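Source file: target00.txt (compact mmCIF, C-alpha atoms and all ligand atoms)
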```txt
# COMPACT_ATOMS: atom_id res chain seq x y z
CA MET A 196 114.92 -7.85 -107.52
CA ARG A 197 111.18 -8.23 -107.71
CA LEU A 198 109.48 -6.97 -110.85
CA ALA A 199 105.95 -5.64 -110.98
CA THR A 200 104.90 -3.13 -113.59
CA SER A 201 102.20 -2.68 -116.11
CA ARG A 202 102.53 -0.53 -119.17
CA HIS A 203 100.29 -0.21 -122.23
CA GLY A 204 98.46 -3.40 -121.32
CA VAL A 205 101.65 -5.42 -120.80
CA VAL A 206 102.10 -6.73 -117.26
CA VAL A 207 105.67 -7.62 -116.33
CA ALA A 208 106.29 -9.62 -113.16
CA GLY A 209 108.88 -12.03 -111.84
CA LEU A 210 112.40 -11.88 -110.50
CA ALA A 211 115.57 -10.43 -111.96
CA GLY A 212 119.11 -10.79 -110.63
CA LEU A 213 121.30 -7.88 -109.66
CA PRO A 214 123.84 -7.02 -112.37
CA THR A 215 126.68 -8.45 -110.28
CA TYR A 216 124.96 -11.86 -110.37
CA THR A 217 125.30 -13.13 -113.94
CA ARG A 218 126.01 -16.31 -115.85
CA ALA A 219 128.05 -17.13 -118.91
CA ASN A 220 125.02 -18.38 -120.87
CA SER A 221 121.29 -17.80 -121.09
CA LEU A 222 120.27 -21.06 -119.38
CA SER A 223 119.32 -19.13 -116.26
CA GLN A 224 116.84 -16.97 -118.10
CA PHE A 225 113.24 -18.11 -118.01
CA TYR A 226 110.45 -16.47 -119.93
CA PHE A 227 106.73 -17.07 -119.57
CA VAL A 228 103.99 -15.42 -121.58
CA ASN A 229 100.44 -15.90 -120.32
CA GLY A 230 101.66 -18.89 -118.33
CA ARG A 231 103.44 -20.60 -121.22
CA SER A 232 107.22 -21.11 -121.19
CA VAL A 233 108.73 -19.55 -124.31
CA ARG A 234 111.97 -18.61 -126.01
CA ASP A 235 111.56 -15.28 -127.69
CA LYS A 236 114.05 -12.92 -129.31
CA VAL A 237 112.12 -9.82 -128.30
CA LEU A 238 112.27 -10.72 -124.62
CA VAL A 239 115.93 -11.82 -124.72
CA GLY A 240 116.82 -8.59 -126.53
CA ALA A 241 114.88 -6.47 -124.04
CA ILE A 242 116.74 -8.04 -121.11
CA ARG A 243 120.07 -7.49 -122.84
CA ALA A 244 119.21 -3.84 -123.45
CA ALA A 245 117.93 -3.30 -119.92
CA TYR A 246 121.21 -4.51 -118.40
CA ALA A 247 123.51 -3.09 -121.07
CA ASP A 248 124.92 -0.41 -118.81
CA TYR A 249 125.63 -2.71 -115.91
CA THR A 250 127.04 -5.97 -117.19
CA PHE A 251 129.60 -7.18 -119.65
CA ARG A 252 128.17 -7.93 -123.07
CA ASP A 253 128.97 -11.61 -122.82
CA ARG A 254 127.32 -12.12 -119.43
CA PHE A 255 123.70 -13.08 -118.88
CA PRO A 256 121.66 -11.78 -115.99
CA VAL A 257 119.52 -14.34 -114.20
CA VAL A 258 115.82 -13.68 -114.78
CA ALA A 259 112.43 -15.33 -114.44
CA LEU A 260 110.12 -13.09 -116.39
CA TYR A 261 106.34 -13.44 -116.44
CA ILE A 262 104.45 -11.49 -119.06
CA ALA A 263 100.68 -11.19 -119.00
CA ILE A 264 99.16 -9.71 -122.11
CA ASP A 265 95.85 -9.72 -123.96
CA PRO A 266 95.89 -13.08 -125.86
CA ALA A 267 94.79 -11.21 -128.98
CA GLU A 268 98.16 -9.44 -128.87
CA VAL A 269 100.23 -12.62 -129.32
CA ASP A 270 100.34 -15.16 -132.08
CA VAL A 271 101.30 -18.51 -130.56
CA ASN A 272 100.98 -20.49 -133.77
CA VAL A 273 104.30 -19.56 -135.37
CA HIS A 274 105.91 -22.78 -134.13
CA PRO A 275 104.34 -26.24 -133.88
CA ALA A 276 105.59 -26.76 -130.31
CA LYS A 277 104.27 -23.33 -129.39
CA ALA A 278 107.58 -22.54 -127.74
CA GLU A 279 107.90 -19.49 -129.93
CA LEU A 280 105.45 -16.72 -130.45
CA ARG A 281 105.04 -13.39 -132.09
CA PHE A 282 103.95 -10.22 -130.35
CA ARG A 283 101.74 -7.95 -132.43
CA ASP A 284 103.38 -4.93 -130.82
CA ALA A 285 106.93 -6.07 -130.05
CA GLY A 286 108.00 -2.50 -129.28
CA ALA A 287 105.46 -2.17 -126.47
CA VAL A 288 106.56 -5.46 -124.90
CA ARG A 289 110.21 -4.51 -125.20
CA SER A 290 109.72 -1.12 -123.60
CA ALA A 291 107.59 -2.60 -120.79
CA VAL A 292 110.36 -5.10 -119.95
CA ILE A 293 113.12 -2.47 -120.10
CA ARG A 294 111.04 -0.19 -117.92
CA ALA A 295 110.39 -2.92 -115.35
CA ILE A 296 114.06 -3.84 -115.05
CA GLY A 297 115.08 -0.18 -114.98
CA GLU A 298 112.71 0.54 -112.10
CA ALA A 299 113.97 -2.45 -110.17
CA LEU A 300 117.61 -1.47 -110.74
CA THR A 301 116.91 2.03 -109.53
CA ALA A 302 115.14 0.69 -106.46
CA ALA A 303 118.10 -1.61 -105.80
CA GLY A 304 120.25 1.52 -105.71
CA PHE A 305 123.79 0.86 -104.65
CA LYS A 306 123.23 -2.78 -103.71
CA ALA A 307 125.65 -5.38 -104.94
CA SER A 308 124.75 -9.03 -105.04
CA THR A 309 125.15 -10.84 -101.72
CA SER A 310 126.65 -13.73 -103.67
CA VAL A 311 129.78 -11.59 -103.84
CA ALA A 312 130.21 -11.84 -100.08
CA ASP A 313 129.50 -15.58 -100.27
CA ASP A 314 132.28 -15.97 -102.82
CA ILE A 315 134.68 -14.23 -100.48
CA LEU A 316 133.72 -16.36 -97.53
CA GLY A 317 134.33 -19.41 -99.70
CA ALA A 318 137.77 -18.10 -100.60
CA PHE A 319 138.94 -17.92 -97.04
CA THR A 320 140.69 -21.04 -95.82
CA ALA A 321 141.35 -22.08 -92.29
CA PRO A 322 144.98 -21.82 -91.24
CA GLN A 323 146.95 -25.06 -91.54
CA TYR A 324 147.77 -25.46 -87.87
CA ALA A 325 144.09 -25.75 -87.04
CA THR A 326 144.00 -29.14 -88.74
CA ALA A 327 147.35 -30.47 -87.53
CA PRO A 328 147.10 -34.15 -86.54
CA ALA A 329 146.57 -34.86 -82.86
CA GLY A 330 149.84 -35.20 -81.03
CA ALA A 331 151.76 -32.98 -83.40
CA PRO A 332 153.49 -30.22 -81.54
CA PRO A 333 151.59 -26.97 -81.83
CA GLN A 334 153.27 -24.59 -84.21
CA ARG A 335 154.92 -21.83 -82.36
CA ARG A 336 154.02 -18.46 -83.69
CA ASP A 337 155.75 -15.34 -82.73
CA PHE A 338 153.06 -13.03 -81.52
CA THR A 339 155.41 -10.35 -80.30
CA ARG A 340 153.57 -7.14 -80.91
CA PRO A 341 155.18 -4.72 -83.26
CA ALA A 342 155.72 -1.33 -81.73
CA MET A 343 152.53 0.51 -82.62
CA PRO A 344 153.08 4.19 -83.22
CA PHE A 345 149.66 5.17 -81.88
CA ALA A 346 150.86 8.53 -80.75
CA SER A 347 151.89 9.45 -84.23
CA TYR A 348 148.54 8.58 -85.81
CA ASP A 349 147.06 11.60 -87.36
CA ARG A 350 143.46 11.35 -86.37
CA VAL A 351 140.92 12.80 -88.67
CA SER A 352 137.38 12.64 -87.43
CA GLY A 353 135.63 12.29 -90.75
CA TYR A 354 132.73 14.27 -89.33
CA GLY A 355 130.85 17.07 -90.94
CA SER A 356 133.09 17.55 -93.89
CA ALA A 357 131.48 14.68 -95.72
CA ASN A 358 127.93 15.18 -94.50
CA PRO A 359 125.76 14.87 -97.60
CA PHE A 360 123.21 17.20 -96.02
CA SER A 361 125.69 20.00 -95.58
CA PRO A 362 125.55 22.82 -98.12
CA GLN A 363 129.22 22.27 -98.91
CA TYR A 364 128.62 18.72 -100.07
CA GLY A 365 128.63 19.67 -103.77
CA ALA A 366 132.01 21.25 -103.26
CA GLN A 367 133.12 18.09 -101.49
CA GLN A 368 132.30 16.07 -104.56
CA GLN A 369 134.34 18.46 -106.62
CA GLY A 370 136.99 17.75 -104.07
CA ILE A 371 137.13 14.06 -104.95
CA GLU A 372 137.37 14.85 -108.60
CA GLY A 373 140.12 17.32 -108.14
CA LEU A 374 142.23 15.11 -105.92
CA ASN A 375 145.82 15.64 -106.71
CA GLU A 376 147.83 15.38 -103.61
CA PRO A 377 148.61 12.02 -102.21
CA SER A 378 148.19 11.61 -98.52
CA ALA A 379 149.28 8.99 -96.11
CA ARG A 380 146.65 9.66 -93.48
CA VAL A 381 144.60 6.55 -93.64
CA GLU A 382 143.78 5.40 -90.14
CA SER A 383 140.75 6.79 -88.42
CA GLU A 384 138.57 6.13 -85.47
CA ALA A 385 135.03 5.01 -86.22
CA ALA A 386 132.81 8.04 -86.43
CA PRO A 387 129.60 6.86 -84.69
CA ALA A 388 127.27 9.09 -86.69
CA LEU A 389 128.71 7.87 -89.98
CA MET A 390 128.31 4.23 -88.93
CA GLU A 391 124.56 4.60 -89.48
CA PHE A 392 125.03 5.31 -93.18
CA PRO A 393 124.63 2.20 -95.34
CA LEU A 394 128.28 2.28 -96.40
CA GLY A 395 129.43 3.43 -93.01
CA THR A 396 132.58 5.24 -92.05
CA ALA A 397 136.01 4.88 -93.65
CA ARG A 398 138.59 3.32 -91.39
CA ALA A 399 141.57 2.71 -93.63
CA GLN A 400 142.80 2.36 -97.14
CA MET A 401 144.74 -0.67 -98.35
CA PHE A 402 146.87 -1.35 -101.39
CA ASP A 403 146.21 2.23 -102.43
CA ASN A 404 142.85 1.26 -103.87
CA PHE A 405 140.60 -0.40 -101.32
CA ILE A 406 138.72 1.51 -98.70
CA ILE A 407 137.97 -0.41 -95.56
CA ALA A 408 134.82 0.93 -94.01
CA GLN A 409 132.65 -0.10 -91.13
CA ASN A 410 128.92 0.33 -90.63
CA SER A 411 126.75 -0.70 -87.72
CA GLU A 412 126.37 -4.22 -89.16
CA GLY A 413 129.77 -5.12 -90.48
CA LEU A 414 132.77 -4.46 -92.63
CA LEU A 415 132.90 -3.11 -96.17
CA LEU A 416 135.63 -3.26 -98.76
CA VAL A 417 135.25 -0.68 -101.49
CA ASP A 418 137.13 -0.49 -104.79
CA GLN A 419 137.72 3.24 -104.92
CA HIS A 420 138.31 3.47 -108.64
CA ALA A 421 135.32 1.36 -109.64
CA ALA A 422 133.05 3.21 -107.22
CA HIS A 423 134.09 6.67 -108.28
CA GLU A 424 133.97 5.73 -111.94
CA ARG A 425 130.31 4.74 -111.63
CA SER A 426 129.51 8.00 -109.91
CA VAL A 427 131.29 10.13 -112.54
CA TYR A 428 129.61 8.09 -115.28
CA GLU A 429 126.11 8.58 -113.87
CA ARG A 430 126.62 12.32 -113.42
CA PHE A 431 128.06 12.56 -116.91
CA LYS A 432 125.08 10.73 -118.32
CA ALA A 433 122.60 12.93 -116.46
CA GLN A 434 124.32 16.09 -117.72
CA LEU A 435 124.37 14.77 -121.26
CA ALA A 436 120.67 13.98 -121.10
CA SER A 437 119.84 17.59 -120.31
CA GLY A 438 121.92 19.21 -123.04
CA PRO A 439 125.58 19.75 -123.77
CA VAL A 440 127.86 18.86 -120.87
CA PRO A 441 129.19 22.00 -119.13
CA SER A 442 132.82 22.51 -120.04
CA ARG A 443 135.77 24.33 -118.60
CA ALA A 444 138.43 26.11 -120.63
CA GLN A 445 141.99 24.93 -120.24
CA LEU A 446 144.16 27.84 -119.18
CA ILE A 447 146.88 26.60 -121.45
CA PRO A 448 145.60 24.32 -124.19
CA LEU A 449 146.85 20.81 -123.69
CA VAL A 450 148.63 19.51 -126.77
CA ILE A 451 148.56 15.76 -127.30
CA GLU A 452 150.73 14.06 -129.87
CA LEU A 453 148.98 11.26 -131.70
CA PRO A 454 149.38 9.32 -134.94
CA GLU A 455 148.06 11.16 -137.95
CA GLU A 456 145.06 8.81 -138.46
CA ASP A 457 143.96 9.34 -134.87
CA CYS A 458 144.24 13.10 -135.28
CA ALA A 459 142.15 12.93 -138.43
CA ARG A 460 139.45 10.86 -136.73
CA LEU A 461 139.35 13.17 -133.71
CA GLU A 462 139.19 16.19 -135.99
CA ASP A 463 136.22 14.68 -137.84
CA ALA A 464 134.48 13.85 -134.59
CA ALA A 465 135.33 17.18 -132.93
CA PRO A 466 131.97 18.90 -133.62
CA ASP A 467 130.13 15.90 -132.15
CA LEU A 468 132.44 15.70 -129.15
CA GLU A 469 131.55 19.24 -128.09
CA ARG A 470 128.29 18.04 -126.56
CA PHE A 471 130.44 15.95 -124.20
CA GLY A 472 132.18 19.13 -123.09
CA LEU A 473 135.31 18.19 -125.02
CA TYR A 474 136.59 20.88 -127.42
CA LEU A 475 139.40 19.70 -129.66
CA GLU A 476 141.31 21.32 -132.46
CA ARG A 477 143.81 19.98 -134.94
CA PHE A 478 147.28 21.21 -134.04
CA GLY A 479 149.57 20.34 -136.91
CA PRO A 480 149.74 16.96 -138.62
CA ARG A 481 150.34 14.82 -135.55
CA ALA A 482 148.86 16.69 -132.63
CA ILE A 483 145.52 17.70 -131.16
CA ALA A 484 144.97 20.69 -128.90
CA VAL A 485 142.44 20.35 -126.09
CA ARG A 486 140.74 23.70 -125.48
CA GLU A 487 137.90 22.81 -123.13
CA THR A 488 137.14 19.77 -121.05
CA PRO A 489 134.04 18.49 -119.22
CA ALA A 490 133.79 20.47 -115.98
CA LEU A 491 132.86 17.38 -113.96
CA LEU A 492 136.14 15.66 -114.79
CA GLY A 493 138.08 18.31 -112.88
CA ASN A 494 141.85 18.14 -113.17
CA SER A 495 141.86 14.53 -114.12
CA ASP A 496 143.81 12.67 -116.73
CA ILE A 497 142.51 14.50 -119.80
CA GLU A 498 145.24 13.17 -122.03
CA GLY A 499 144.28 9.60 -121.11
CA SER A 500 140.62 10.35 -121.86
CA VAL A 501 141.39 11.82 -125.29
CA ARG A 502 143.68 8.94 -126.23
CA ASP A 503 141.04 6.47 -125.14
CA VAL A 504 138.34 8.22 -127.17
CA ALA A 505 140.73 8.19 -130.17
CA ASP A 506 141.19 4.43 -129.70
CA GLY A 507 137.43 4.02 -129.57
CA LEU A 508 136.92 5.95 -132.79
CA ALA A 509 139.50 3.73 -134.49
CA GLU A 510 137.81 0.58 -133.20
CA TRP A 511 134.23 1.52 -134.00
CA ASP A 512 135.12 2.90 -137.41
CA THR A 513 131.73 4.21 -138.43
CA SER A 514 130.84 7.68 -139.54
CA SER A 515 128.24 7.95 -136.77
CA ALA A 516 130.52 6.50 -134.07
CA VAL A 517 129.97 9.37 -131.66
CA ALA A 518 126.18 9.26 -131.85
CA ASP A 519 126.08 5.44 -131.66
CA ARG A 520 128.56 5.08 -128.83
CA MET A 521 127.63 7.88 -126.46
CA ASP A 522 127.61 5.61 -123.42
CA GLU A 523 130.94 4.10 -124.32
CA ILE A 524 132.50 7.50 -124.84
CA ILE A 525 131.42 8.72 -121.44
CA ALA A 526 132.52 5.41 -119.92
CA ARG A 527 136.00 5.91 -121.36
CA MET A 528 136.16 9.49 -120.14
CA ALA A 529 134.75 8.58 -116.73
CA CYS A 530 137.45 5.94 -116.32
CA HIS A 531 140.19 8.55 -116.67
CA GLY A 532 138.18 11.16 -114.80
CA SER A 533 137.95 9.05 -111.67
CA VAL A 534 140.13 8.52 -108.68
CA ARG A 535 142.64 6.00 -109.94
CA SER A 536 143.79 3.01 -108.10
CA GLY A 537 147.13 3.91 -106.57
CA ARG A 538 146.02 7.24 -105.22
CA ARG A 539 146.03 7.62 -101.47
CA LEU A 540 142.91 9.18 -100.07
CA ARG A 541 142.41 11.11 -96.88
CA VAL A 542 139.71 9.92 -94.51
CA ASP A 543 137.37 12.78 -95.37
CA GLU A 544 137.87 12.02 -99.06
CA MET A 545 137.06 8.37 -98.48
CA ASN A 546 133.94 9.27 -96.51
CA ALA A 547 132.87 11.70 -99.22
CA LEU A 548 133.22 8.89 -101.76
CA LEU A 549 131.09 6.55 -99.63
CA ARG A 550 128.36 9.19 -99.33
CA ASP A 551 128.60 9.79 -103.06
CA MET A 552 128.09 6.08 -103.74
CA GLU A 553 124.97 6.01 -101.58
CA ALA A 554 123.53 8.85 -103.61
CA THR A 555 124.49 7.38 -106.98
CA PRO A 556 122.12 5.07 -108.82
CA HIS A 557 123.52 1.64 -109.71
CA SER A 558 126.69 2.23 -107.73
CA GLY A 559 126.81 -1.38 -106.49
CA GLN A 560 128.50 -2.32 -109.72
CA CYS A 561 131.05 -0.57 -111.85
CA ILE A 562 130.33 0.20 -115.48
CA HIS A 563 131.84 -3.13 -116.46
CA GLY A 564 129.54 -5.11 -114.16
CA ARG A 565 132.03 -5.87 -111.42
CA PRO A 566 131.04 -5.11 -107.86
CA THR A 567 132.23 -1.81 -106.46
CA TYR A 568 132.11 -3.03 -102.91
CA VAL A 569 131.60 -6.12 -100.84
CA GLU A 570 130.06 -6.29 -97.45
CA LEU A 571 130.84 -8.77 -94.72
CA LYS A 572 128.26 -8.67 -91.98
CA GLN A 573 129.41 -9.22 -88.45
CA LYS A 574 127.73 -12.64 -88.51
CA ASP A 575 129.69 -13.56 -91.67
CA ILE A 576 132.91 -12.62 -89.95
CA GLU A 577 131.92 -14.62 -86.90
CA ARG A 578 131.13 -17.56 -89.16
CA LEU A 579 134.69 -17.40 -90.51
CA PHE A 580 135.96 -18.03 -87.02
CA GLY A 581 133.38 -20.68 -86.20
CA ARG A 582 131.69 -18.36 -83.78
CA SER A 583 128.23 -18.33 -85.32
CA ARG A 584 125.50 -19.84 -83.24
ZN ZN B 601 138.21 2.45 -115.04
```

Could you show the structure in this file as structure tokens?
Ligand SMILES: [Zn+2]
Amino acid sequence: MRLATSRHGVVVAGLAGLPTYTRANSLSQFYFVNGRSVRDKVLVGAIRAAYADYTFRDRFPVVALYIAIDPAEVDVNVHPAKAELRFRDAGAVRSAVIRAIGEALTAAGFKASTSVADDILGAFTAPQYATAPAGAPPQRRDFTRPAMPFASYDRVSGYGSANPFSPQYGAQQQGIEGLNEPSARVESEAAPALMEFPLGTARAQMFDNFIIAQNSEGLLLVDQHAAHERSVYERFKAQLASGPVPSRAQLIPLVIELPEEDCARLEDAAPDLERFGLYLERFGPRAIAVRETPALLGNSDIEGSVRDVADGLAEWDTSSAVADRMDEIIARMACHGSVRSGRRLRVDEMNALLRDMEATPHSGQCIHGRPTYVELKQKDIERLFGRSR
């Protein structure tokens, strides 16, 4: 991602890697201030903060950051080798860097690093018989076709129902959240109009978690849980930013049994959790009643969400845990509020998820920094078979 912003007299330029392209140490981070190579805590911290939502804490994004700033605003004499410096207004530099990365991440949209596809290509190995020594008898393979039950395929067009421009699209998204019924209808014909979308048209689902899609340039493999989780997380975050998250009353309060300490911690945090759309009440010594839940989570695994938030409160163990860990709380709830791996999706549901990803910022990586999809272009596939020219 190319960086180019200027803010309060701080110019930020250079290159920054996508969040799916990270290293285990900071050796691939380069910082220059007014042309001088430096190591500086403010810059390292700003990069860490800018990527916090998109990468694991122990991973380092790859960056080459060039800062241009009025020389009067930096003190380069804090270290004899001049490899360290001090900014007069560290806050301004920090916010300029975070802003620059944030803009680039938003512009990158749902892109995942192409190195992901390279990794996959590297993982493929040629079949053994291709390298059999000359003279060895060719391995006989039984290519008898299995009886293909074409006639019994339930064809679903995938058209219209998932069109993001249709007025029903909002309801469609609700549809993904409220998915309850498993379905075995997974094969579909390519829908030509959907092929033009960046993430294309869903063709099949494999291992109950991976959507195989096709666009006009190639093949895509999408991790349905990771992709949906990012989308729920981003919507959750947007709702939280504009006030309390809209909630929905449970018809019958859900009662969850938990150890007494967990109940106590949830009870203490209950007033703070209401802004997340989660309304809890103590229900005896070892139970919590859930009265209202975030509307955007639909009929998802509320019990899992509440248990996970309780675990978080125990781990963080500070009186201001809820205020300090807002992003982590919504991440935990989004995880349980998303299509789980293991759930079969219908073709229209898969297409709705693909359209949702295209409209979701940062959807190329899940909230833990893993890719949500990989793309193999037709030329990559041809390369696998030695067909590239
Ligand atoms: Zn998850």

Checklist entry - Skipping near chain neighbours, those fewer than 6 positions away, what residues fall within 7 Å of Met390 (chain A) using all atoms listed in the file, listed as a VMD selection string? => result chain A and resid 396 409 to 411

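Distance-wise, CA of Asp467 (chain A) and CA of Arg527 (chain A) end up 15.8 Å apart.
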
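With distances taken over only C-alpha atoms and all ligand atoms, A:Ala529 is the one residue among A:Ala529, A:Val450, A:Ala399, A:Val228 lying closest to ligand ZN 601 (chain B).
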
Next on the checklist: Could you list the protein, DNA and RNA residues that have any atom within 7 Å of ligand ZN 601 (chain B), counting all atoms listed in the file, and write them as a ChimeraX atom specification?
Outcome noted: /A:420-421,424,530-531

Next on the checklist: Just the number, please: distance in Å from CA of Val440 (chain A) to CA of Asp248 (chain A), one decimal.
Outcome noted: 19.6 Å

Checklist entry - Residues at most 9 Å from Ala422 (chain A), counting all atoms listed in the file, excluding those fewer than 4 positions away in the same chain, as a ChimeraX atom specification? => result /A:417-418,426-427,533-534,548-549,551-552,558-561,566-568

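Taking CA of Arg477 (chain A) and CA of Gly507 (chain A) as endpoints, the distance between them is 18.0 Å.
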
Item to check | Using only C-alpha atoms: which of A:Arg202, A:Lys236, A:Arg520, A:Arg550 has the shortest distance to Leu394 (chain A) | outcome: A:Arg550

Checklist entry - Of the candidates A:Ala285, A:Ala303, A:Val501, A:Ala247, which one gets nearest to Gly564 (chain A) if we count only C-alpha atoms? => result A:Ala247

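Using only C-alpha atoms, the residues found no farther than 8 Å from Ser221 (chain A), other than those of its own chain fewer than 5 positions away, are A:Phe255, A:Pro256, A:Val257.
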
Next on the checklist: Just checking: using only C-alpha atoms, which residue out of A:Arg425, A:Arg486, A:Ser442, A:Met521 ends up closest to Glu553 (chain A)?
Outcome noted: A:Arg425

Checklist entry - Hey, what's within 8 Å of Thr488 (chain A) if we count only C-alpha atoms and toss same-chain stuff fewer than 2 positions away? As a PyMOL selection string, please? => result chain A and resi 442-445+472-474+485-486+490+492+497

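Minimum distance to Leu540 (chain A) across A:Leu468, A:Leu449, A:Glu577, A:Gln400 (counting only C-alpha atoms) occurs at A:Gln400.
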
Checklist outcome for this item: Using all atoms listed in the file, the best pick from A:Leu416, A:Val517, A:Ala211, A:Val542 as closest to Glu298 (chain A) would be A:Ala211
